Amino acid sequence: MMTDAAQTTIQLPAKTAIFSARNITKIYGAGASEVHALRGISVDLYAGQISVLLGPSGSGKSTFLNILGGLDVPTSGEVRFEGQSLGELDDTGLTEFRRAHVGFVFQFYNLIPSLTARENVALVTEIADDPMRPEEALDLVGLTERMDHFPAELSGGEQQRVAIARAIVKKPKVLLCDEPTGALDSKTGILVIEALVGVNERLGTTTALITHNVAIKDVADRVIHFRDGQITDIEVIEEKVAPADLSW
């Protein structure tokens, strides 16, 4: 059961760009082995919105997400976060950017087996400036009754929700999710999407979510379509669908 405090919805100004990417390219290798992962990407991500990055494997989605999160740097072009150019930051600056502002959720949970759900989440609070309590983060993803269980005692969906709680406990402005339902069946995947949508609604966390599952796009505010390292379309979802109503 979520607490009354956890149900407070954050109201954010519409159309405030939190990320602005301009002419982003990414090239790996050189010569005959050169791979163009991104070919001139320009797009804004808006504060408080869920953006789904949709496209086939190898289309550049993960490369772009890693650049937004400061895990990688573009070959050319510029990414700005709240007006600050990430290209002006050195390794220490990028580490601070990630620590202070970005939560990551990946396909695989990377939980520490010897720690309970509560303890896995609590680890992040030790490096955060103003974290929420681990219990609050786990409550937000519907795991109040499971917080003292070890990963081996949790289902795959529950482990992924622990990973989401771990990502949000430091109160990041941005949540970057790379195929968070990729290893899950449809019923369990919907529970994970419900958790991500709930976090977005209650905390106002700007969320970018990579998927190749077309059904998931209907929970988003915008869908950014990728193919061959380029953005081919940006779709605005006028009537969002509740996760429970998705046709997987």
# chains A, B, ... in the order shown; residues from 1 in each chain; ligands from 1
$ residues_around --residues "range 137-148 of chain A" --least-positions-apart "3" --cutoff "6 Å" --atoms "only C-alpha atoms" --output "ChimeraX atom specification"
/A:2,116-118,134,165,169,195
$ residues_around --residues "range 71-75 of chain A" --least-positions-apart "5" --cutoff "6 Å" --atoms "only C-alpha atoms" --output "mmCIF file with C-alpha atoms, in the first residue's frame"
data_model
loop_
_atom_site.group_PDB
_atom_site.id
_atom_site.type_symbol
_atom_site.label_atom_id
_atom_site.label_comp_id
_atom_site.auth_asym_id
_atom_site.auth_seq_id
_atom_site.Cartn_x
_atom_site.Cartn_y
_atom_site.Cartn_z
ATOM 1 C CA THR A 25 27.023 11.605 -34.208
ATOM 2 C CA LYS A 26 28.813 8.593 -32.801
ATOM 3 C CA ASN A 66 24.367 6.394 -22.868
#
$ atom_distance --atom1 "CA of Phe64 in chain A" --atom2 "CA of Thr188 in chain A"
26.6 Å
$ closest_residue --among "A:Ala47, A:Ile224, A:Ala30, A:Ala122" --to "Thr16 in chain A" --atoms "only C-alpha atoms"
A:Ala47
$ residues_around --residues "Arg98 in chain A" --least-positions-apart "2" --cutoff "9 Å" --atoms "only C-alpha atoms" --output "PDB file with N, CA and C atoms, in the first residue's frame"
ATOM      1  N   GLY A  69      23.165  10.067 -20.609  1.00  0.00           N
ATOM      2  CA  GLY A  69      23.507   9.780 -19.222  1.00  0.00           C
ATOM      3  C   GLY A  69      24.950  10.027 -18.864  1.00  0.00           C
ATOM      4  N   GLY A  70      25.751  10.523 -19.812  1.00  0.00           N
ATOM      5  CA  GLY A  70      27.149  10.797 -19.519  1.00  0.00           C
ATOM      6  C   GLY A  70      28.006   9.553 -19.393  1.00  0.00           C
ATOM      7  N   LEU A  71      27.504   8.412 -19.892  1.00  0.00           N
ATOM      8  CA  LEU A  71      28.298   7.183 -19.894  1.00  0.00           C
ATOM      9  C   LEU A  71      29.170   7.078 -21.139  1.00  0.00           C
ATOM     10  N   GLY A  93      33.497  15.715 -13.739  1.00  0.00           N
ATOM     11  CA  GLY A  93      32.240  16.437 -13.902  1.00  0.00           C
ATOM     12  C   GLY A  93      31.108  15.542 -14.365  1.00  0.00           C
ATOM     13  N   LEU A  94      31.400  14.622 -15.284  1.00  0.00           N
ATOM     14  CA  LEU A  94      30.383  13.688 -15.749  1.00  0.00           C
ATOM     15  C   LEU A  94      29.963  12.724 -14.637  1.00  0.00           C
ATOM     16  N   THR A  95      30.923  12.315 -13.818  1.00  0.00           N
ATOM     17  CA  THR A  95      30.586  11.455 -12.688  1.00  0.00           C
ATOM     18  C   THR A  95      29.656  12.179 -11.725  1.00  0.00           C
ATOM     19  N   GLU A  96      29.939  13.431 -11.454  1.00  0.00           N
ATOM     20  CA  GLU A  96      29.086  14.233 -10.576  1.00  0.00           C
ATOM     21  C   GLU A  96      27.704  14.439 -11.191  1.00  0.00           C
ATOM     22  N   ALA A 100      24.395  13.102  -9.283  1.00  0.00           N
ATOM     23  CA  ALA A 100      23.440  14.066  -8.775  1.00  0.00           C
ATOM     24  C   ALA A 100      22.097  14.039  -9.499  1.00  0.00           C
ATOM     25  N   HIS A 101      22.100  13.687 -10.784  1.00  0.00           N
ATOM     26  CA  HIS A 101      20.907  13.947 -11.582  1.00  0.00           C
ATOM     27  C   HIS A 101      20.295  12.753 -12.300  1.00  0.00           C
ATOM     28  N   VAL A 102      21.017  11.649 -12.437  1.00  0.00           N
ATOM     29  CA  VAL A 102      20.566  10.577 -13.321  1.00  0.00           C
ATOM     30  C   VAL A 102      20.430   9.261 -12.570  1.00  0.00           C
ATOM     31  N   GLY A 103      19.296   8.608 -12.784  1.00  0.00           N
ATOM     32  CA  GLY A 103      19.112   7.237 -12.324  1.00  0.00           C
ATOM     33  C   GLY A 103      19.055   6.322 -13.536  1.00  0.00           C
ATOM     34  N   PRO A 172      16.608  11.505  -8.522  1.00  0.00           N
ATOM     35  CA  PRO A 172      17.200  12.047  -9.746  1.00  0.00           C
ATOM     36  C   PRO A 172      16.172  12.836 -10.547  1.00  0.00           C
TER      37      PRO A 172
END
$ select_by_dssp --residues "range 13-244 of chain A" --states "alpha helix (DSSP H)" --output "VMD selection string"
chain A and resid 61 to 68 91 to 101 117 to 125 134 to 140 156 to 168 186 to 203
$ write_last_selection --atoms "C-alpha atoms" --output "PDB file, in the first residue's frame"
ATOM      1  CA  LYS A  61      18.858   3.864 -29.105  1.00  0.00           C
ATOM      2  CA  SER A  62      21.258   2.599 -26.432  1.00  0.00           C
ATOM      3  CA  THR A  63      24.147   4.673 -27.768  1.00  0.00           C
ATOM      4  CA  PHE A  64      21.989   7.787 -27.559  1.00  0.00           C
ATOM      5  CA  LEU A  65      20.789   6.938 -24.046  1.00  0.00           C
ATOM      6  CA  ASN A  66      24.367   6.394 -22.868  1.00  0.00           C
ATOM      7  CA  ILE A  67      25.353   9.803 -24.249  1.00  0.00           C
ATOM      8  CA  LEU A  68      22.434  11.468 -22.463  1.00  0.00           C
ATOM      9  CA  ASP A  91      35.393  12.741 -16.287  1.00  0.00           C
ATOM     10  CA  THR A  92      34.948  14.062 -12.753  1.00  0.00           C
ATOM     11  CA  GLY A  93      32.240  16.437 -13.902  1.00  0.00           C
ATOM     12  CA  LEU A  94      30.383  13.688 -15.749  1.00  0.00           C
ATOM     13  CA  THR A  95      30.586  11.455 -12.688  1.00  0.00           C
ATOM     14  CA  GLU A  96      29.086  14.233 -10.576  1.00  0.00           C
ATOM     15  CA  PHE A  97      26.373  14.823 -13.197  1.00  0.00           C
ATOM     16  CA  ARG A  98      25.394  11.155 -13.092  1.00  0.00           C
ATOM     17  CA  ARG A  99      25.542  10.975  -9.307  1.00  0.00           C
ATOM     18  CA  ALA A 100      23.440  14.066  -8.775  1.00  0.00           C
ATOM     19  CA  HIS A 101      20.907  13.947 -11.582  1.00  0.00           C
ATOM     20  CA  ALA A 117      15.977  -5.310  -1.252  1.00  0.00           C
ATOM     21  CA  ARG A 118      16.125  -2.595   1.409  1.00  0.00           C
ATOM     22  CA  GLU A 119      19.899  -2.916   1.731  1.00  0.00           C
ATOM     23  CA  ASN A 120      20.424  -2.857  -2.054  1.00  0.00           C
ATOM     24  CA  VAL A 121      18.522   0.423  -2.243  1.00  0.00           C
ATOM     25  CA  ALA A 122      20.189   1.848   0.876  1.00  0.00           C
ATOM     26  CA  LEU A 123      23.626   1.563  -0.756  1.00  0.00           C
ATOM     27  CA  VAL A 124      22.796   4.457  -3.071  1.00  0.00           C
ATOM     28  CA  THR A 125      21.735   6.733  -0.216  1.00  0.00           C
ATOM     29  CA  PRO A 134      14.901   3.269   1.108  1.00  0.00           C
ATOM     30  CA  GLU A 135      11.517   2.263   2.507  1.00  0.00           C
ATOM     31  CA  GLU A 136       9.873   5.178   0.695  1.00  0.00           C
ATOM     32  CA  ALA A 137      11.493   4.275  -2.631  1.00  0.00           C
ATOM     33  CA  LEU A 138      10.416   0.642  -2.292  1.00  0.00           C
ATOM     34  CA  ASP A 139       6.914   1.755  -1.364  1.00  0.00           C
ATOM     35  CA  LEU A 140       6.744   3.819  -4.554  1.00  0.00           C
ATOM     36  CA  GLY A 156      12.268 -11.156 -11.940  1.00  0.00           C
ATOM     37  CA  GLY A 157       9.703  -8.361 -11.944  1.00  0.00           C
ATOM     38  CA  GLU A 158      10.224  -7.726  -8.241  1.00  0.00           C
ATOM     39  CA  GLN A 159      13.987  -7.581  -8.750  1.00  0.00           C
ATOM     40  CA  GLN A 160      13.525  -5.062 -11.549  1.00  0.00           C
ATOM     41  CA  ARG A 161      11.307  -2.946  -9.299  1.00  0.00           C
ATOM     42  CA  VAL A 162      14.059  -3.045  -6.653  1.00  0.00           C
ATOM     43  CA  ALA A 163      16.402  -1.772  -9.368  1.00  0.00           C
ATOM     44  CA  ILE A 164      13.960   1.059 -10.097  1.00  0.00           C
ATOM     45  CA  ALA A 165      13.764   1.905  -6.384  1.00  0.00           C
ATOM     46  CA  ARG A 166      17.563   1.942  -6.257  1.00  0.00           C
ATOM     47  CA  ALA A 167      17.623   4.342  -9.207  1.00  0.00           C
ATOM     48  CA  ILE A 168      15.070   6.770  -7.771  1.00  0.00           C
ATOM     49  CA  SER A 186       4.148  -9.668 -20.470  1.00  0.00           C
ATOM     50  CA  LYS A 187       2.361  -9.879 -17.097  1.00  0.00           C
ATOM     51  CA  THR A 188       5.528  -9.096 -15.161  1.00  0.00           C
ATOM     52  CA  GLY A 189       6.608  -6.456 -17.663  1.00  0.00           C
ATOM     53  CA  ILE A 190       3.362  -4.577 -17.175  1.00  0.00           C
ATOM     54  CA  LEU A 191       4.012  -4.419 -13.424  1.00  0.00           C
ATOM     55  CA  VAL A 192       7.416  -2.873 -14.134  1.00  0.00           C
ATOM     56  CA  ILE A 193       5.885  -0.330 -16.534  1.00  0.00           C
ATOM     57  CA  GLU A 194       3.285   0.502 -13.873  1.00  0.00           C
ATOM     58  CA  ALA A 195       6.124   1.215 -11.440  1.00  0.00           C
ATOM     59  CA  LEU A 196       7.902   3.500 -13.933  1.00  0.00           C
ATOM     60  CA  VAL A 197       4.701   5.381 -14.772  1.00  0.00           C
ATOM     61  CA  GLY A 198       3.914   5.735 -11.067  1.00  0.00           C
ATOM     62  CA  VAL A 199       7.351   7.202 -10.359  1.00  0.00           C
ATOM     63  CA  ASN A 200       6.909   9.658 -13.226  1.00  0.00           C
ATOM     64  CA  GLU A 201       3.500  10.757 -11.961  1.00  0.00           C
ATOM     65  CA  ARG A 202       4.436  11.081  -8.300  1.00  0.00           C
ATOM     66  CA  LEU A 203       7.971  12.461  -8.511  1.00  0.00           C
TER      67      LEU A 203
END
$ residues_around --residues "Pro180 in chain A" --least-positions-apart "4" --cutoff "7 Å" --atoms "only C-alpha atoms" --output "VMD selection string"
chain A and resid 105 to 107
$ atom_distance --atom1 "CA of Pro151 in chain A" --atom2 "CA of Gly182 in chain A"
18.3 Å
